[in-house]
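Heads up, coords-v1.pdb below (PDB, C-alpha atoms):
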```pdb
ATOM      1  CA  MET A   1      15.307 -21.070  25.741
ATOM      2  CA  THR A   2      13.792 -22.426  22.526
ATOM      3  CA  HIS A   3      13.608 -20.491  19.282
ATOM      4  CA  ASP A   4       9.841 -20.007  19.709
ATOM      5  CA  GLN A   5      10.333 -18.627  23.215
ATOM      6  CA  LYS A   6      12.664 -15.968  21.858
ATOM      7  CA  ARG A   7      10.016 -14.579  19.542
ATOM      8  CA  PRO A   8       8.096 -11.502  20.690
ATOM      9  CA  PRO A   9       4.571 -12.205  21.951
ATOM     10  CA  ARG A  10       1.760 -12.217  19.416
ATOM     11  CA  PHE A  11      -0.807  -9.488  19.887
ATOM     12  CA  SER A  12      -4.545  -9.835  19.415
ATOM     13  CA  LYS A  13      -6.018  -8.237  16.336
ATOM     14  CA  GLN A  14      -6.730  -4.528  16.575
ATOM     15  CA  ILE A  15     -10.097  -3.630  15.113
ATOM     16  CA  VAL A  16     -10.165  -0.192  13.534
ATOM     17  CA  ASP A  17     -12.863   2.011  15.032
ATOM     18  CA  GLN A  18     -14.177   3.361  11.777
ATOM     19  CA  ASN A  19     -15.530   6.424  13.563
ATOM     20  CA  GLN A  20     -11.949   7.288  14.617
ATOM     21  CA  SER A  21     -10.422   6.628  11.196
ATOM     22  CA  PRO A  22      -9.780   9.456   8.733
ATOM     23  CA  ARG A  23     -12.943   9.941   6.686
ATOM     24  CA  VAL A  24     -14.423  12.263   4.116
ATOM     25  CA  LYS A  25     -17.753  12.356   2.296
ATOM     26  CA  TYR A  26     -18.188  11.558  -1.369
ATOM     27  CA  GLU A  27     -20.236  14.622  -2.229
ATOM     28  CA  ASP A  28     -17.702  16.916  -0.548
ATOM     29  CA  VAL A  29     -14.641  15.628  -2.407
ATOM     30  CA  MET A  30     -16.527  15.530  -5.696
ATOM     31  CA  SER A  31     -17.689  19.147  -5.470
ATOM     32  CA  ASP A  32     -15.088  21.057  -3.443
ATOM     33  CA  ASP A  33     -11.325  21.318  -4.050
ATOM     34  CA  ARG A  34     -10.703  22.119  -0.383
ATOM     35  CA  ALA A  35     -12.360  18.834   0.619
ATOM     36  CA  LEU A  36     -10.335  17.074  -2.086
ATOM     37  CA  ARG A  37      -7.130  18.470  -0.568
ATOM     38  CA  ILE A  38      -8.180  17.304   2.903
ATOM     39  CA  TRP A  39      -8.832  13.822   1.493
ATOM     40  CA  LEU A  40      -5.397  13.647  -0.126
ATOM     41  CA  GLU A  41      -3.726  14.986   3.030
ATOM     42  CA  HIS A  42      -5.393  12.272   5.114
ATOM     43  CA  ILE A  43      -3.853   9.692   2.779
ATOM     44  CA  TRP A  44      -0.453  11.416   3.030
ATOM     45  CA  TYR A  45      -0.376  11.755   6.821
ATOM     46  CA  ARG A  46      -2.291   8.648   7.902
ATOM     47  CA  GLY A  47      -1.672   6.316   4.979
ATOM     48  CA  PHE A  48      -5.359   5.657   4.322
ATOM     49  CA  CYS A  49      -8.807   7.232   4.347
ATOM     50  CA  PHE A  50     -12.430   6.144   4.075
ATOM     51  CA  VAL A  51     -14.888   7.886   1.774
ATOM     52  CA  ASP A  52     -18.473   7.695   3.026
ATOM     53  CA  ASP A  53     -21.799   7.951   1.213
ATOM     54  CA  VAL A  54     -20.391   6.697  -2.077
ATOM     55  CA  PRO A  55     -23.226   5.707  -4.419
ATOM     56  CA  ILE A  56     -23.172   1.926  -4.636
ATOM     57  CA  SER A  57     -22.198   1.703  -8.260
ATOM     58  CA  ALA A  58     -19.055   1.077 -10.253
ATOM     59  CA  GLU A  59     -19.646   4.266 -12.249
ATOM     60  CA  ALA A  60     -19.693   6.513  -9.160
ATOM     61  CA  THR A  61     -16.602   4.795  -7.760
ATOM     62  CA  GLN A  62     -14.709   5.325 -10.995
ATOM     63  CA  LEU A  63     -15.560   9.041 -10.902
ATOM     64  CA  LEU A  64     -14.246   9.184  -7.328
ATOM     65  CA  ILE A  65     -10.835   7.835  -8.341
ATOM     66  CA  GLU A  66     -10.700  10.093 -11.379
ATOM     67  CA  ARG A  67     -11.245  13.094  -9.094
ATOM     68  CA  ILE A  68      -7.573  12.577  -8.165
ATOM     69  CA  ALA A  69      -6.132  11.635 -11.551
ATOM     70  CA  PHE A  70      -6.514   9.172 -14.380
ATOM     71  CA  ILE A  71      -6.711   5.500 -13.437
ATOM     72  CA  ARG A  72      -3.566   3.503 -14.068
ATOM     73  CA  ASN A  73      -3.924   0.647 -16.510
ATOM     74  CA  THR A  74      -2.142  -2.633 -15.772
ATOM     75  CA  HIS A  75      -2.464  -6.216 -16.959
ATOM     76  CA  TYR A  76      -5.550  -6.327 -14.693
ATOM     77  CA  GLY A  77      -7.125  -3.586 -16.803
ATOM     78  CA  GLY A  78      -7.909  -0.044 -15.720
ATOM     79  CA  PHE A  79     -10.916   0.257 -13.422
ATOM     80  CA  TRP A  80     -11.650  -3.107 -11.790
ATOM     81  CA  ASP A  81     -15.116  -4.555 -11.263
ATOM     82  CA  PHE A  82     -14.633  -8.171 -10.261
ATOM     83  CA  THR A  83     -15.660 -11.217  -8.264
ATOM     84  CA  ALA A  84     -13.628 -14.191  -7.026
ATOM     85  CA  ASP A  85     -13.774 -15.965 -10.373
ATOM     86  CA  LEU A  86     -10.034 -16.432 -11.069
ATOM     87  CA  THR A  87     -10.275 -14.314 -14.218
ATOM     88  CA  PHE A  88      -6.629 -13.628 -13.456
ATOM     89  CA  LYS A  89      -4.400 -16.255 -11.872
ATOM     90  CA  ASP A  90      -3.938 -14.152  -8.768
ATOM     91  CA  THR A  91      -4.901 -14.761  -5.144
ATOM     92  CA  ALA A  92      -6.911 -11.517  -5.136
ATOM     93  CA  TYR A  93      -9.360 -13.266  -7.468
ATOM     94  CA  THR A  94     -10.080 -16.057  -4.958
ATOM     95  CA  ASN A  95     -11.907 -16.202  -1.619
ATOM     96  CA  GLU A  96      -8.754 -17.305   0.222
ATOM     97  CA  PHE A  97      -6.949 -15.513   3.033
ATOM     98  CA  LEU A  98      -4.496 -12.883   1.740
ATOM     99  CA  GLY A  99      -1.537 -12.079   3.952
ATOM    100  CA  ALA A 100      -0.260  -8.525   4.366
ATOM    101  CA  HIS A 101       1.438  -7.273   1.212
ATOM    102  CA  THR A 102       1.974  -4.337  -1.104
ATOM    103  CA  ASP A 103       0.787  -4.504  -4.698
ATOM    104  CA  ASN A 104       2.846  -4.141  -7.875
ATOM    105  CA  THR A 105       6.205  -5.172  -6.428
ATOM    106  CA  TYR A 106       6.911  -6.561  -9.906
ATOM    107  CA  PHE A 107       6.535  -3.173 -11.628
ATOM    108  CA  THR A 108       9.461  -0.818 -12.113
ATOM    109  CA  ASP A 109       7.076   1.898 -10.852
ATOM    110  CA  PRO A 110       4.481   0.403  -8.466
ATOM    111  CA  ALA A 111       1.155   2.235  -8.284
ATOM    112  CA  ARG A 112       0.966   4.630  -5.337
ATOM    113  CA  LEU A 113      -2.738   4.744  -4.447
ATOM    114  CA  GLN A 114      -5.207   1.900  -4.370
ATOM    115  CA  LEU A 115      -8.961   2.191  -3.844
ATOM    116  CA  PHE A 116     -11.450  -0.550  -2.962
ATOM    117  CA  HIS A 117     -15.224  -0.289  -2.852
ATOM    118  CA  LEU A 118     -17.242  -3.362  -1.863
ATOM    119  CA  LEU A 119     -20.424  -3.197  -3.924
ATOM    120  CA  SER A 120     -22.057  -6.310  -2.482
ATOM    121  CA  HIS A 121     -21.457  -9.383  -0.317
ATOM    122  CA  THR A 122     -24.269 -11.941  -0.248
ATOM    123  CA  GLU A 123     -24.812 -15.506   0.928
ATOM    124  CA  GLY A 124     -21.740 -15.574   3.150
ATOM    125  CA  SER A 125     -19.463 -13.871   5.643
ATOM    126  CA  GLY A 126     -15.825 -12.953   6.272
ATOM    127  CA  GLY A 127     -13.622 -10.894   3.998
ATOM    128  CA  GLU A 128     -12.481  -8.392   6.622
ATOM    129  CA  ASN A 129      -9.812  -6.033   5.343
ATOM    130  CA  LEU A 130      -6.313  -5.871   6.850
ATOM    131  CA  LEU A 131      -4.139  -2.742   6.994
ATOM    132  CA  ILE A 132      -0.639  -2.339   8.457
ATOM    133  CA  ASP A 133       1.499   0.794   8.496
ATOM    134  CA  GLY A 134       4.697  -0.551   6.931
ATOM    135  CA  PHE A 135       6.668   2.631   7.675
ATOM    136  CA  ALA A 136       5.869   2.441  11.391
ATOM    137  CA  ALA A 137       6.806  -1.249  11.419
ATOM    138  CA  ALA A 138      10.100  -0.459   9.652
ATOM    139  CA  ALA A 139      10.911   2.234  12.219
ATOM    140  CA  GLN A 140      10.317  -0.297  14.996
ATOM    141  CA  LEU A 141      12.580  -2.806  13.230
ATOM    142  CA  ARG A 142      15.330  -0.169  12.934
ATOM    143  CA  ASP A 143      15.038   0.644  16.659
ATOM    144  CA  GLU A 144      15.026  -2.992  17.767
ATOM    145  CA  LYS A 145      17.676  -4.379  15.428
ATOM    146  CA  PRO A 146      19.463  -1.929  13.101
ATOM    147  CA  GLU A 147      21.317  -4.759  11.354
ATOM    148  CA  HIS A 148      17.997  -6.365  10.377
ATOM    149  CA  TYR A 149      16.740  -3.054   9.051
ATOM    150  CA  ALA A 150      19.952  -2.730   7.021
ATOM    151  CA  GLN A 151      19.369  -6.146   5.445
ATOM    152  CA  LEU A 152      15.988  -5.069   4.096
ATOM    153  CA  VAL A 153      17.507  -1.837   2.777
ATOM    154  CA  ASN A 154      20.617  -3.292   1.147
ATOM    155  CA  GLN A 155      19.634  -6.698  -0.250
ATOM    156  CA  ARG A 156      17.877  -6.249  -3.576
ATOM    157  CA  HIS A 157      15.469  -8.900  -4.844
ATOM    158  CA  PRO A 158      13.823  -9.956  -8.098
ATOM    159  CA  TRP A 159      10.020  -9.752  -8.252
ATOM    160  CA  HIS A 160       7.598 -11.114 -10.811
ATOM    161  CA  ALA A 161       3.987 -11.568 -11.934
ATOM    162  CA  SER A 162       3.570 -14.630 -14.121
ATOM    163  CA  GLY A 163       0.297 -16.325 -13.192
ATOM    164  CA  ASN A 164      -1.292 -15.978 -16.604
ATOM    165  CA  GLU A 165       0.185 -17.596 -19.705
ATOM    166  CA  ASP A 166       0.623 -14.303 -21.561
ATOM    167  CA  ILE A 167       2.168 -12.410 -18.630
ATOM    168  CA  CYS A 168       5.682 -12.421 -17.158
ATOM    169  CA  ILE A 169       6.370  -8.988 -15.667
ATOM    170  CA  GLN A 170       9.591  -8.081 -13.891
ATOM    171  CA  PRO A 171      10.989  -4.683 -12.827
ATOM    172  CA  SER A 172      13.866  -3.297 -14.848
ATOM    173  CA  ALA A 173      16.163  -3.777 -11.829
ATOM    174  CA  MET A 174      16.011  -5.755  -8.615
ATOM    175  CA  ALA A 175      14.742  -3.729  -5.670
ATOM    176  CA  PRO A 176      14.988  -3.980  -1.867
ATOM    177  CA  VAL A 177      12.079  -4.251   0.552
ATOM    178  CA  PHE A 178      12.838  -0.738   1.882
ATOM    179  CA  SER A 179      13.730   1.962  -0.655
ATOM    180  CA  ILE A 180      15.653   4.981   0.663
ATOM    181  CA  HIS A 181      15.481   8.302  -1.171
ATOM    182  CA  PRO A 182      18.970   9.056  -2.571
ATOM    183  CA  ASP A 183      18.733  12.812  -1.920
ATOM    184  CA  MET A 184      16.799  12.969   1.346
ATOM    185  CA  ASN A 185      17.978   9.785   3.049
ATOM    186  CA  ILE A 186      14.461   8.811   4.140
ATOM    187  CA  MET A 187      12.398   5.733   3.376
ATOM    188  CA  TYR A 188       9.812   6.418   0.724
ATOM    189  CA  GLN A 189       8.665   3.002  -0.550
ATOM    190  CA  ILE A 190       8.126  -0.555   0.670
ATOM    191  CA  ARG A 191       7.927  -3.682  -1.476
ATOM    192  CA  TRP A 192       6.685  -6.580   0.615
ATOM    193  CA  ASN A 193       4.897  -9.432  -1.084
ATOM    194  CA  ASN A 194       5.656 -13.060  -0.344
ATOM    195  CA  TYR A 195       3.492 -14.054  -3.315
ATOM    196  CA  ASP A 196       5.555 -12.123  -5.869
ATOM    197  CA  ARG A 197       9.159 -12.335  -4.655
ATOM    198  CA  ALA A 198      11.146 -14.342  -7.202
ATOM    199  CA  PRO A 199      14.094 -16.701  -6.508
ATOM    200  CA  LYS A 200      17.332 -14.825  -5.888
ATOM    201  CA  VAL A 201      20.507 -16.568  -7.069
ATOM    202  CA  ASN A 202      23.326 -14.084  -6.544
ATOM    203  CA  TRP A 203      23.857 -14.494  -2.801
ATOM    204  CA  SER A 204      25.628 -16.880  -0.468
ATOM    205  CA  ALA A 205      24.086 -19.200   2.091
ATOM    206  CA  SER A 206      25.160 -16.908   4.936
ATOM    207  CA  GLU A 207      23.635 -13.880   3.208
ATOM    208  CA  GLN A 208      20.395 -15.790   2.760
ATOM    209  CA  ALA A 209      20.305 -16.722   6.426
ATOM    210  CA  MET A 210      20.884 -13.117   7.513
ATOM    211  CA  TRP A 211      18.186 -11.779   5.206
ATOM    212  CA  TYR A 212      15.583 -14.324   6.273
ATOM    213  CA  ARG A 213      16.263 -13.597   9.942
ATOM    214  CA  ALA A 214      15.625  -9.929   9.212
ATOM    215  CA  ALA A 215      12.507 -10.714   7.158
ATOM    216  CA  ARG A 216      11.153 -12.936   9.940
ATOM    217  CA  HIS A 217      11.706 -10.154  12.461
ATOM    218  CA  TYR A 218       9.921  -7.630  10.251
ATOM    219  CA  ASN A 219       7.053 -10.063   9.703
ATOM    220  CA  GLU A 220       6.639 -10.504  13.465
ATOM    221  CA  ILE A 221       6.424  -6.732  13.886
ATOM    222  CA  LEU A 222       3.885  -6.514  11.078
ATOM    223  CA  GLN A 223       1.727  -9.151  12.743
ATOM    224  CA  SER A 224       1.773  -7.156  15.983
ATOM    225  CA  ARG A 225       0.459  -4.074  14.153
ATOM    226  CA  GLU A 226      -2.496  -5.548  12.266
ATOM    227  CA  LEU A 227      -5.563  -3.324  11.930
ATOM    228  CA  TRP A 228      -8.766  -4.926  10.697
ATOM    229  CA  THR A 229     -11.686  -3.144   9.069
ATOM    230  CA  LYS A 230     -14.978  -4.300   7.645
ATOM    231  CA  LEU A 231     -15.678  -2.875   4.215
ATOM    232  CA  ASN A 232     -19.313  -2.056   3.532
ATOM    233  CA  PRO A 233     -21.168  -0.940   0.423
ATOM    234  CA  GLY A 234     -21.195   2.843   0.282
ATOM    235  CA  SER A 235     -17.856   3.263   2.078
ATOM    236  CA  ALA A 236     -14.718   3.180  -0.090
ATOM    237  CA  LEU A 237     -11.202   2.692   1.264
ATOM    238  CA  ILE A 238      -8.167   4.325  -0.328
ATOM    239  CA  PHE A 239      -4.588   3.806   0.885
ATOM    240  CA  ASP A 240      -0.947   4.502   0.060
ATOM    241  CA  ASN A 241       0.410   1.325  -1.529
ATOM    242  CA  TRP A 242       4.010   2.497  -0.999
ATOM    243  CA  ARG A 243       3.424   2.622   2.765
ATOM    244  CA  MET A 244       0.434   0.540   3.850
ATOM    245  CA  LEU A 245       0.360  -3.240   3.596
ATOM    246  CA  HIS A 246      -3.065  -4.730   3.025
ATOM    247  CA  GLY A 247      -4.690  -8.143   3.094
ATOM    248  CA  ARG A 248      -8.005  -9.900   3.563
ATOM    249  CA  SER A 249      -9.501 -12.671   5.654
ATOM    250  CA  GLN A 250     -11.045 -15.686   3.958
ATOM    251  CA  PHE A 251     -14.691 -15.299   3.004
ATOM    252  CA  THR A 252     -17.687 -17.287   1.871
ATOM    253  CA  GLY A 253     -20.489 -16.251  -0.427
ATOM    254  CA  LYS A 254     -20.408 -13.853  -3.346
ATOM    255  CA  ARG A 255     -18.547 -10.533  -3.229
ATOM    256  CA  ARG A 256     -18.403  -7.877  -5.910
ATOM    257  CA  MET A 257     -15.524  -5.432  -5.544
ATOM    258  CA  CYS A 258     -14.453  -2.476  -7.658
ATOM    259  CA  GLY A 259     -11.597   0.007  -7.581
ATOM    260  CA  GLY A 260      -8.359   1.008  -9.238
ATOM    261  CA  TYR A 261      -4.835   2.389  -9.011
ATOM    262  CA  VAL A 262      -3.409   5.923  -9.274
ATOM    263  CA  ASN A 263       0.241   6.609 -10.108
ATOM    264  CA  ASN A 264       2.601   8.254  -7.640
ATOM    265  CA  ASP A 265       3.461  11.263  -9.803
ATOM    266  CA  ASP A 266      -0.159  12.108 -10.575
ATOM    267  CA  TYR A 267      -1.235  11.824  -6.931
ATOM    268  CA  LEU A 268       1.599  14.065  -5.722
ATOM    269  CA  SER A 269       1.034  16.599  -8.497
ATOM    270  CA  ARG A 270      -2.593  16.927  -7.401
ATOM    271  CA  LEU A 271      -1.714  17.164  -3.710
ATOM    272  CA  ARG A 272       1.130  19.658  -4.117
ATOM    273  CA  LEU A 273      -0.859  22.017  -6.339
ATOM    274  CA  LEU A 274      -3.916  21.937  -4.064
ATOM    275  CA  LYS A 275      -1.870  22.476  -0.916
ATOM    276  CA  PHE A 276       0.764  24.981  -2.056
ATOM    277  CA  GLY A 277      -0.426  26.538  -5.305
ATOM    278  CA  ARG A 278       1.311  26.490  -8.651
ATOM    279  CA  LYS A 279       3.783  29.327  -7.983
ATOM    280  CA  THR A 280       5.182  27.786  -4.790
ATOM    281  CA  VAL A 281       5.485  24.387  -6.436
ATOM    282  CA  LEU A 282       7.386  25.837  -9.390
ATOM    283  CA  ASP A 283       9.592  27.974  -7.131
ATOM    284  CA  ASN A 284      10.665  24.835  -5.234
ATOM    285  CA  LEU A 285      11.398  22.447  -8.094
ATOM    286  CA  GLY A 286      14.333  20.310  -7.002
ATOM    287  CA  ASN A 287      14.598  22.008  -3.602
ATOM    288  CA  ILE A 288      15.884  19.243  -1.341
ATOM    289  CA  GLN A 289      16.743  21.474   1.607
ATOM    290  CA  MET A 290      14.809  20.802   4.788
ATOM    291  CA  LYS A 291      12.308  23.657   4.888
ATOM    292  CA  ALA A 292       8.834  24.042   6.245
ATOM    293  CA  ASN A 293       6.088  24.043   3.620
ATOM    294  CA  ASN A 294       8.376  22.693   0.933
ATOM    295  CA  PRO A 295       6.301  20.806  -1.660
ATOM    296  CA  TYR A 296       9.361  18.857  -2.856
ATOM    297  CA  TRP A 297       9.307  16.922   0.422
ATOM    298  CA  TYR A 298       6.036  15.343  -0.535
ATOM    299  CA  ILE A 299       7.651  12.324  -2.194
TER     300      ILE A 299
END
```

Could you quickly redo this structure as structure tokens?
Amino acid sequence: MTHDQKRPPRFSKQIVDQNQSPRVKYEDVMSDDRALRIWLEHIWYRGFCFVDDVPISAEATQLLIERIAFIRNTHYGGFWDFTADLTFKDTAYTNEFLGAHTDNTYFTDPARLQLFHLLSHTEGSGGENLLIDGFAAAAQLRDEKPEHYAQLVNQRHPWHASGNEDICIQPSAMAPVFSIHPDMNIMYQIRWNNYDRAPKVNWSASEQAMWYRAARHYNEILQSRELWTKLNPGSALIFDNWRMLHGRSQFTGKRRMCGGYVNNDDYLSRLRLLKFGRKTVLDNLGNIQMKANNPYWYI
């Protein structure tokens, strides 16, 4: 049997039925804290959510993000409003295909939430959006080959962003693909970006071979779990960047996209307080015991 024959079969693309996806309405989340909580819970439980009836403007989209918390500033700026003009030396600023990845692998603290709103797409086609549940794919990897899962937990890697002349960002410490919470022993974050992984020098040839076998296996699982959506003006997509991998098909024409990041701590603060109330949150500070309705377990 050849190496290719040993690989699992490739699956056809799954197209997300947007009517079956988690969705909320812009006016509801902007005016009602209960609707805001439902929106944030959709992101927590499903990993993503669409917001419908968003006014087709950058200003309205910025207000939507700020309904959760302040927008995180990075070397890309704060709120983005951009086209494929290579303002930054980053593949996101092109019309090329983008493979599944998480953002900010090169930050010590990657942003947790990411929101996109397509304001316009004219004179062309393509640009479908890719989503993959990285947690579900990791669970499948663990079930199929625990030793491969262990490789992506235990081998730490350097990451970097250095496309622009005045930028060379690296996290304060190397980090693995799968991060396990030290108190709860559960996965809470994925870093997967083949564009940003830097050369690793402190490992042997055999260790490299083992890690790349594990990475190839994980990549095959990811490809079998691809979900494709078509972004449209007036419908914003928000997702958990610590869990969901995203990408984009190649496109032609002119696209204008806007959006931004929200930090992990600010997102969880908003969700915990809306769901549990201030007293319960304060009463459970640092409570790592497995209990129902324990806000500390929203990590």

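Residue neighbourhood of Arg67 (chain A), excluding near-sequence residues (fewer than 5 positions): Val29, Met30, Leu36 and Gln62 of chain A, at 9 Å, using all atoms listed in the file.
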
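The interatomic distance for the pair CA of Gly99 (chain A) and CA of Gly247 (chain A) works out to 5.1 Å.
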
>> the PyMOL selection byres ((chain A and resi 253-267) around 6) - which residues does that actually catch in the file I just gave you? List them as a PyMOL selection string.
In response: chain A and resi 71-72+79-83+111-124+252+268-270

> Care to translate the PyMOL selection byres ((chain A and resi 140-156) around 8) into actual residues of this file, as number ranges by chain?
Replying inline: A: 136-139, 157-158, 174-180, 210-211, 213-215, 217-218, 221

>> Neighbouring residues of Phe50 (chain A) were defined as those with any atom within 9 Å, considering all atoms listed in the file; residues of the same chain fewer than 4 positions away were excluded. Please report them as number ranges by chain.
In response: A: 18, 21-25, 39, 235-239
